[in-house]
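Single-structure report; data block below.
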Amino acid sequence: PYSAAYRAWAADRLRQVVRRIANGPYGQRFIGVGLSYLQTAEWFFPDTDDYWDYSPAAEQAWRDWLRSTYGREKRLQTAWG
């Protein structure tokens, strides 16, 4: 889910689904979409007990977040002790 290409693809497909529902016979009754997974409303990979994503795309997203949040390594070290 961290891949920018996948997110763009998924966003496009979700827009298509929402438009199809909104323009369909029940469009006047359509109020929105809530994405969730199973009973806890969390979004994990199905058929797995490992909810951690160590893919290269996830690692890059994590590094990008750290960089945008802390900027310099010294600020990161201070924040994380």
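Letters A, B, ... mark the chains of the structure tokens in the order given; residue numbers begin at 1 per chain; ligand numbers begin at 1, in order shown.
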
When you look at Trp65 of chain A with a cut-off of 12 Å (counting only C-alpha atoms), what residues show up, excluding the ones that are within fewer than 6 positions of it in the same chain? I need them as a ChimeraX atom specification. /A:2,58-59,71,76

Would you save the residues from that selection as a short mmCIF file (atom, residue, chain, number, x, y, z; two decimals), in the first residue's frame, using N, CA and C atoms?
```cif
data_model
loop_
_atom_site.label_atom_id
_atom_site.label_comp_id
_atom_site.auth_asym_id
_atom_site.auth_seq_id
_atom_site.Cartn_x
_atom_site.Cartn_y
_atom_site.Cartn_z
N TYR A 2 2.16 1.15 0.19
CA TYR A 2 2.99 2.36 0.24
C TYR A 2 3.46 2.80 -1.13
N ALA A 58 7.49 0.60 1.52
CA ALA A 58 7.16 1.00 2.89
C ALA A 58 8.36 1.65 3.57
N GLU A 59 9.53 1.07 3.36
CA GLU A 59 10.74 1.65 3.95
C GLU A 59 10.99 3.05 3.42
N GLY A 71 13.41 16.65 9.49
CA GLY A 71 14.38 17.41 8.71
C GLY A 71 15.80 16.91 8.88
N LEU A 76 15.87 14.31 14.79
CA LEU A 76 15.36 12.95 14.92
C LEU A 76 15.92 12.28 16.16
#
```

Write out as a list in words which residues come within 12 Å of segment 14-17 of chain A when counting only C-alpha atoms, dropping same-chain ones fewer than 4 positions away.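 Those residues are Arg7, Ala8, Trp9, Ala10, Ile21, Ala22, Asn23, Gly24, Gly27, Phe30, Gly32, Val33, Gly34 and Leu35 of chain A.
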
With C-alpha atoms retained, write the just-selected residues as a short mmCIF file (atom, residue, chain, number, x, y, z; two decimals), in the first residue's frame.
```
data_model
loop_
_atom_site.label_atom_id
_atom_site.label_comp_id
_atom_site.auth_asym_id
_atom_site.auth_seq_id
_atom_site.Cartn_x
_atom_site.Cartn_y
_atom_site.Cartn_z
CA ARG A 7 -1.98 4.27 -4.44
CA ALA A 8 -2.62 6.14 -7.69
CA TRP A 9 -4.12 3.03 -9.25
CA ALA A 10 -6.29 2.31 -6.18
CA ILE A 21 -22.71 4.13 -7.51
CA ALA A 22 -23.54 7.85 -7.41
CA ASN A 23 -24.78 7.79 -11.01
CA GLY A 24 -26.68 4.52 -10.60
CA GLY A 27 -27.41 7.46 -6.39
CA PHE A 30 -25.70 7.22 -1.65
CA GLY A 32 -20.35 7.94 1.00
CA VAL A 33 -17.82 5.16 1.31
CA GLY A 34 -16.03 3.90 4.40
CA LEU A 35 -13.03 1.67 3.78
#
```

With only C-alpha atoms as the atoms that count, which of A:Ser3, A:Thr69, A:Thr78, A:Gln28 lies nearest to Ser55 of chain A?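 For Ser55 of chain A, the nearest of the candidates is A:Ser3.
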